[in-house]
>>> print(open('start_9.json').read())   # JSON, C-alpha atoms
[["chain", "number", "residue", "atom", "x", "y", "z"],
["A", 1, "MET", "CA", 15.15, -154.38, 72.70],
["A", 2, "GLY", "CA", 15.62, -151.79, 75.34],
["A", 3, "ARG", "CA", 13.85, -148.61, 76.10],
["A", 4, "HIS", "CA", 16.14, -146.66, 73.80],
["A", 5, "GLY", "CA", 15.17, -148.83, 70.79],
["A", 6, "ALA", "CA", 11.44, -148.40, 71.46],
["A", 7, "ARG", "CA", 11.80, -144.63, 71.10],
["A", 8, "GLY", "CA", 13.45, -145.12, 67.75],
["A", 9, "GLN", "CA", 10.64, -147.42, 66.63],
["A", 10, "SER", "CA", 7.92, -144.90, 67.53],
["A", 11, "LEU", "CA", 9.85, -142.17, 65.70],
["A", 12, "ALA", "CA", 10.02, -144.35, 62.58],
["A", 13, "GLU", "CA", 6.29, -145.11, 62.80],
["A", 14, "PHE", "CA", 5.53, -141.40, 63.24],
["A", 15, "ALA", "CA", 7.65, -140.57, 60.18],
["A", 16, "LEU", "CA", 5.65, -143.07, 58.12],
["A", 17, "VAL", "CA", 2.20, -141.96, 59.33],
["A", 18, "ILE", "CA", 2.51, -138.15, 59.49],
["A", 19, "PRO", "CA", 2.66, -137.51, 55.68],
["A", 20, "ILE", "CA", -0.51, -139.53, 55.13],
["A", 21, "PHE", "CA", -2.24, -137.81, 58.05],
["A", 22, "LEU", "CA", -1.27, -134.33, 56.78],
["A", 23, "LEU", "CA", -2.43, -135.20, 53.27],
["A", 24, "ILE", "CA", -5.84, -136.22, 54.63],
["A", 25, "VAL", "CA", -6.11, -133.02, 56.70],
["A", 26, "LEU", "CA", -5.16, -130.84, 53.70],
["A", 27, "ALA", "CA", -7.60, -132.73, 51.49],
["A", 28, "VAL", "CA", -10.41, -131.99, 53.95],
["A", 29, "PHE", "CA", -9.52, -128.28, 53.87],
["A", 30, "ASP", "CA", -9.41, -128.39, 50.07],
["A", 31, "LEU", "CA", -12.80, -130.07, 49.91],
["A", 32, "GLY", "CA", -14.21, -127.39, 52.20],
["A", 33, "ARG", "CA", -12.75, -124.69, 49.95],
["A", 34, "GLY", "CA", -14.34, -126.33, 46.91],
["A", 35, "VAL", "CA", -17.74, -126.49, 48.62],
["A", 36, "PHE", "CA", -17.40, -122.82, 49.59],
["A", 37, "ILE", "CA", -16.65, -121.81, 46.00],
["A", 38, "TYR", "CA", -19.52, -123.92, 44.65],
["A", 39, "ASN", "CA", -21.87, -122.39, 47.22],
["A", 40, "GLY", "CA", -20.80, -118.90, 46.11],
["A", 41, "LEU", "CA", -21.38, -119.91, 42.51],
["A", 42, "THR", "CA", -24.90, -121.21, 43.18],
["A", 43, "ASN", "CA", -25.66, -118.01, 45.07],
["A", 44, "ALA", "CA", -24.44, -115.98, 42.08],
["A", 45, "ALA", "CA", -26.69, -117.89, 39.66],
["A", 46, "ARG", "CA", -29.64, -117.61, 42.03],
["A", 47, "GLU", "CA", -29.18, -113.84, 42.48],
["A", 48, "GLY", "CA", -28.86, -113.40, 38.72],
["A", 49, "ALA", "CA", -32.10, -115.32, 38.19],
["A", 50, "ARG", "CA", -33.85, -113.27, 40.88],
["A", 51, "LEU", "CA", -32.97, -110.12, 38.95],
["A", 52, "ALA", "CA", -33.90, -111.71, 35.60],
["A", 53, "ILE", "CA", -37.48, -112.37, 36.68],
["A", 54, "VAL", "CA", -38.12, -108.64, 37.10],
["A", 55, "ASN", "CA", -35.58, -107.12, 34.69],
["A", 56, "GLN", "CA", -34.75, -108.88, 31.44],
["A", 57, "ASP", "CA", -31.57, -106.94, 30.56],
["A", 58, "LYS", "CA", -29.13, -109.81, 29.97],
["A", 59, "THR", "CA", -26.03, -107.66, 30.49],
["A", 60, "LEU", "CA", -27.31, -106.39, 33.84],
["A", 61, "VAL", "CA", -28.27, -109.92, 34.92],
["A", 62, "ALA", "CA", -24.82, -111.30, 34.01],
["A", 63, "GLN", "CA", -23.14, -108.43, 35.86],
["A", 64, "ARG", "CA", -25.31, -109.08, 38.93],
["A", 65, "ALA", "CA", -24.29, -112.75, 38.89],
["A", 66, "GLN", "CA", -20.61, -111.79, 38.67],
["A", 67, "ASP", "CA", -20.96, -109.25, 41.49],
["A", 68, "MET", "CA", -22.65, -111.77, 43.79],
["A", 69, "ALA", "CA", -20.01, -114.49, 43.35],
["A", 70, "PHE", "CA", -18.15, -114.02, 46.62],
["A", 71, "GLY", "CA", -15.06, -116.09, 47.13],
["A", 72, "THR", "CA", -14.87, -117.06, 43.47],
["A", 73, "THR", "CA", -13.51, -115.73, 40.24],
["A", 74, "ILE", "CA", -16.25, -116.37, 37.74],
["A", 75, "THR", "CA", -14.63, -116.87, 34.38],
["A", 76, "THR", "CA", -17.78, -116.74, 32.28],
["A", 77, "VAL", "CA", -21.27, -115.42, 32.74],
["A", 78, "PRO", "CA", -21.74, -114.05, 29.21],
["A", 79, "ASP", "CA", -25.06, -112.95, 27.76],
["A", 80, "ALA", "CA", -25.40, -116.36, 26.09],
["A", 81, "LEU", "CA", -25.81, -117.92, 29.52],
["A", 82, "VAL", "CA", -28.78, -115.73, 30.46],
["A", 83, "GLU", "CA", -31.80, -116.93, 28.47],
["A", 84, "PHE", "CA", -35.58, -116.92, 28.64],
["A", 85, "TYR", "CA", -37.71, -119.91, 27.61],
["A", 86, "ARG", "CA", -41.37, -120.81, 27.45],
["A", 87, "ALA", "CA", -42.64, -122.73, 30.42],
["A", 88, "GLN", "CA", -44.64, -125.01, 28.11],
["A", 89, "PRO", "CA", -43.85, -126.00, 24.53],
["A", 90, "ASN", "CA", -46.13, -124.40, 21.97],
["A", 91, "THR", "CA", -48.60, -126.59, 20.11],
["A", 92, "ASP", "CA", -46.73, -126.46, 16.78],
["A", 93, "ASP", "CA", -43.59, -128.13, 18.12],
["A", 94, "VAL", "CA", -43.99, -130.19, 21.27],
["A", 95, "THR", "CA", -40.46, -131.61, 21.19],
["A", 96, "SER", "CA", -38.71, -128.71, 22.92],
["A", 97, "ASN", "CA", -39.26, -125.53, 24.84],
["A", 98, "GLU", "CA", -38.80, -122.55, 22.56],
["A", 99, "PRO", "CA", -37.03, -119.34, 23.48],
["A", 100, "CYS", "CA", -38.95, -116.26, 24.59],
["A", 101, "ASP", "CA", -36.71, -113.96, 22.60],
["A", 102, "GLY", "CA", -39.08, -111.74, 20.65],
["A", 103, "SER", "CA", -38.00, -113.23, 17.32],
["A", 104, "ASP", "CA", -41.61, -113.53, 16.16],
["A", 105, "ALA", "CA", -45.14, -113.12, 17.48],
["A", 106, "ASP", "CA", -45.14, -116.59, 19.09],
["A", 107, "HIS", "CA", -41.90, -115.98, 20.98],
["A", 108, "GLN", "CA", -42.60, -112.77, 22.90],
["A", 109, "LEU", "CA", -41.22, -112.56, 26.39],
["A", 110, "ALA", "CA", -44.08, -112.52, 28.84],
["A", 111, "VAL", "CA", -44.94, -113.31, 32.41],
["A", 112, "GLY", "CA", -44.61, -117.07, 32.80],
["A", 113, "CYS", "CA", -41.49, -117.49, 30.68],
["A", 114, "ILE", "CA", -38.59, -119.17, 32.44],
["A", 115, "ALA", "CA", -35.43, -117.15, 33.17],
["A", 116, "VAL", "CA", -32.33, -119.36, 33.12],
["A", 117, "VAL", "CA", -28.99, -118.15, 34.50],
["A", 118, "VAL", "CA", -25.92, -120.39, 34.27],
["A", 119, "ALA", "CA", -22.70, -119.41, 36.06],
["A", 120, "ASP", "CA", -19.48, -121.34, 35.80],
["A", 121, "THR", "CA", -15.93, -121.12, 37.04],
["A", 122, "SER", "CA", -12.86, -123.27, 37.32],
["A", 123, "TRP", "CA", -11.29, -124.44, 40.58],
["A", 124, "GLN", "CA", -7.84, -125.83, 41.23],
["A", 125, "PRO", "CA", -7.27, -127.82, 44.45],
["A", 126, "ILE", "CA", -4.24, -126.54, 46.36],
["A", 127, "THR", "CA", -3.27, -129.84, 47.99],
["A", 128, "PRO", "CA", -0.19, -130.92, 46.01],
["A", 129, "ILE", "CA", -0.93, -134.58, 45.27],
["A", 130, "ILE", "CA", -4.69, -134.16, 44.86],
["A", 131, "GLY", "CA", -4.21, -131.05, 42.72],
["A", 132, "ASN", "CA", -1.89, -133.00, 40.42],
["A", 133, "LEU", "CA", -4.25, -135.97, 40.20],
["A", 134, "VAL", "CA", -7.52, -134.16, 39.43],
["A", 135, "GLY", "CA", -6.18, -130.96, 37.87],
["A", 136, "GLN", "CA", -8.48, -128.03, 37.27],
["A", 137, "LEU", "CA", -12.19, -128.70, 37.82],
["A", 138, "ASP", "CA", -15.03, -126.85, 36.11],
["A", 139, "LEU", "CA", -17.91, -125.97, 38.43],
["A", 140, "GLN", "CA", -21.29, -124.93, 37.08],
["A", 141, "ALA", "CA", -24.45, -123.68, 38.77],
["A", 142, "ARG", "CA", -27.83, -123.18, 37.10],
["A", 143, "SER", "CA", -30.87, -121.36, 38.38],
["A", 144, "GLU", "CA", -34.32, -121.22, 36.77],
["A", 145, "LEU", "CA", -37.15, -118.95, 37.88],
["A", 146, "GLU", "CA", -40.43, -117.88, 36.30],
["A", 147, "VAL", "CA", -40.59, -114.31, 34.95],
["A", 148, "GLU", "CA", -42.89, -112.26, 37.18],
["A", 149, "LEU", "CA", -43.05, -109.04, 35.17],
["A", 150, "VAL", "CA", -41.65, -107.57, 31.99],
["A", 151, "CYS", "CA", -40.03, -104.17, 32.48],
["A", 152, "PRO", "CA", -40.21, -101.29, 30.02],
["A", 153, "ASN", "CA", -36.47, -100.64, 30.24],
["A", 154, "THR", "CA", -35.85, -103.72, 28.08],
["A", 155, "ARG", "CA", -36.48, -104.41, 24.41],
["A", 156, "TYR", "CA", -39.81, -105.95, 25.42],
["A", 157, "ALA", "CA", -41.19, -102.57, 26.54],
["A", 158, "ALA", "CA", -44.32, -102.83, 24.40],
["A", 159, "TYR", "CA", -45.55, -105.75, 26.52],
["A", 160, "ALA", "CA", -45.31, -104.18, 29.97],
["A", 161, "THR", "CA", -46.46, -101.19, 31.95],
["A", 162, "SER", "CA", -44.01, -98.97, 33.79],
["A", 163, "ASP", "CA", -45.99, -98.88, 37.04],
["A", 164, "LEU", "CA", -45.30, -102.62, 37.57],
["A", 165, "CYS", "CA", -41.50, -102.35, 37.37],
["A", 166, "PRO", "CA", -39.28, -101.69, 40.37],
["A", 167, "LYS", "CA", -36.75, -98.88, 40.31],
["A", 168, "GLN", "CA", -33.25, -100.00, 39.44],
["A", 169, "PRO", "CA", -30.61, -99.64, 42.18]]
>>> encode(input="start_9.json", output="structure tokens")
Amino acid sequence: MGRHGARGQSLAEFALVIPIFLLIVLAVFDLGRGVFIYNGLTNAAREGARLAIVNQDKTLVAQRAQDMAFGTTITTVPDALVEFYRAQPNTDDVTSNEPCDGSDADHQLAVGCIAVVVADTSWQPITPIIGNLVGQLDLQARSELEVELVCPNTRYAAYATSDLCPKQP
């Protein structure tokens, strides 16, 4: 085989290898994009929880989480995903942590309750083959912090003093 045939062979090898190489490169970019979106989602849940430990307005906390989700489109951060729980189970029922929701005298929100914020979104890879194989992925981030003070601008106003609460932005 002459020199002319060797060039044809390398062109054929290149034609076989380049699609696989490009798919790997695009998959790496897609993975990086997914990590970026997940990082934004965890930041959103963390910022929502940071607000929840000083202000227990669930609507405001959910809005804060949505506002802090850069690079993502959060599909759900409803009030149901912002909850407050006891840090320790009460002595009557040691099988589960009970909510600090003010439903009765044992369940009053107080300093020491746990604020839980869950943010979730869906993500679709843009690489053609990988996107078709895995489809749409649901990403979820959860953040839990201990309530530091109970503000009087919430329904738990009877259990706090106004001089402890920060001014709202």
>>> residues_around(input="start_9.json", residues="A:Val118", least_positions_apart="2", cutoff="12 Å", atoms="only C-alpha atoms", output="number ranges by chain")
A: 41-49, 52, 58, 61-62, 65-66, 74-84, 115-116, 120-121, 139-145
>>> closest_residue(input="start_9.json", among="A:Gln63, A:Asn132, A:Ser122, A:Asn55", to="A:Tyr38", atoms="only C-alpha atoms")
A:Ser122
>>> closest_residue(input="start_9.json", among="A:Gly112, A:Gly131, A:Pro125, A:Pro19", to="A:Val147", atoms="all atoms listed in the file")
A:Gly112
>>> build_atoms(input="start_9.json", residues="stretch 54-70 of chain A", atoms="N, CA and C atoms", output="PDB file, keeping the file's coordinate frame")
ATOM      1  N   VAL A  54     -37.490-109.961  37.090  1.00  0.00           N
ATOM      2  CA  VAL A  54     -38.120-108.640  37.100  1.00  0.00           C
ATOM      3  C   VAL A  54     -37.466-107.658  36.139  1.00  0.00           C
ATOM      4  N   ASN A  55     -36.278-107.982  35.635  1.00  0.00           N
ATOM      5  CA  ASN A  55     -35.580-107.120  34.690  1.00  0.00           C
ATOM      6  C   ASN A  55     -34.860-108.003  33.686  1.00  0.00           C
ATOM      7  N   GLN A  56     -35.242-107.933  32.433  1.00  0.00           N
ATOM      8  CA  GLN A  56     -34.750-108.880  31.440  1.00  0.00           C
ATOM      9  C   GLN A  56     -33.530-108.374  30.661  1.00  0.00           C
ATOM     10  N   ASP A  57     -32.798-107.421  31.194  1.00  0.00           N
ATOM     11  CA  ASP A  57     -31.570-106.940  30.560  1.00  0.00           C
ATOM     12  C   ASP A  57     -30.466-107.964  30.829  1.00  0.00           C
ATOM     13  N   LYS A  58     -30.077-108.710  29.793  1.00  0.00           N
ATOM     14  CA  LYS A  58     -29.130-109.810  29.970  1.00  0.00           C
ATOM     15  C   LYS A  58     -27.773-109.342  30.490  1.00  0.00           C
ATOM     16  N   THR A  59     -27.318-108.180  30.035  1.00  0.00           N
ATOM     17  CA  THR A  59     -26.030-107.660  30.490  1.00  0.00           C
ATOM     18  C   THR A  59     -26.077-107.351  31.983  1.00  0.00           C
ATOM     19  N   LEU A  60     -27.155-106.724  32.420  1.00  0.00           N
ATOM     20  CA  LEU A  60     -27.310-106.390  33.840  1.00  0.00           C
ATOM     21  C   LEU A  60     -27.423-107.661  34.690  1.00  0.00           C
ATOM     22  N   VAL A  61     -28.122-108.658  34.184  1.00  0.00           N
ATOM     23  CA  VAL A  61     -28.270-109.920  34.920  1.00  0.00           C
ATOM     24  C   VAL A  61     -26.914-110.618  35.051  1.00  0.00           C
ATOM     25  N   ALA A  62     -26.148-110.672  33.956  1.00  0.00           N
ATOM     26  CA  ALA A  62     -24.820-111.300  34.010  1.00  0.00           C
ATOM     27  C   ALA A  62     -23.905-110.554  34.966  1.00  0.00           C
ATOM     28  N   GLN A  63     -23.968-109.224  34.953  1.00  0.00           N
ATOM     29  CA  GLN A  63     -23.140-108.430  35.860  1.00  0.00           C
ATOM     30  C   GLN A  63     -23.536-108.682  37.317  1.00  0.00           C
ATOM     31  N   ARG A  64     -24.828-108.795  37.567  1.00  0.00           N
ATOM     32  CA  ARG A  64     -25.310-109.080  38.930  1.00  0.00           C
ATOM     33  C   ARG A  64     -24.777-110.428  39.404  1.00  0.00           C
ATOM     34  N   ALA A  65     -24.806-111.423  38.527  1.00  0.00           N
ATOM     35  CA  ALA A  65     -24.290-112.750  38.890  1.00  0.00           C
ATOM     36  C   ALA A  65     -22.796-112.666  39.207  1.00  0.00           C
ATOM     37  N   GLN A  66     -22.043-111.931  38.410  1.00  0.00           N
ATOM     38  CA  GLN A  66     -20.610-111.790  38.670  1.00  0.00           C
ATOM     39  C   GLN A  66     -20.356-111.061  39.985  1.00  0.00           C
ATOM     40  N   ASP A  67     -21.143-110.024  40.258  1.00  0.00           N
ATOM     41  CA  ASP A  67     -20.960-109.250  41.490  1.00  0.00           C
ATOM     42  C   ASP A  67     -21.278-110.077  42.738  1.00  0.00           C
ATOM     43  N   MET A  68     -22.212-110.996  42.626  1.00  0.00           N
ATOM     44  CA  MET A  68     -22.650-111.770  43.790  1.00  0.00           C
ATOM     45  C   MET A  68     -21.811-113.024  44.037  1.00  0.00           C
ATOM     46  N   ALA A  69     -20.838-113.288  43.207  1.00  0.00           N
ATOM     47  CA  ALA A  69     -20.010-114.490  43.350  1.00  0.00           C
ATOM     48  C   ALA A  69     -18.879-114.226  44.336  1.00  0.00           C
ATOM     49  N   PHE A  70     -19.186-114.240  45.618  1.00  0.00           N
ATOM     50  CA  PHE A  70     -18.150-114.020  46.620  1.00  0.00           C
ATOM     51  C   PHE A  70     -17.248-115.231  46.708  1.00  0.00           C
TER      52      PHE A  70
END
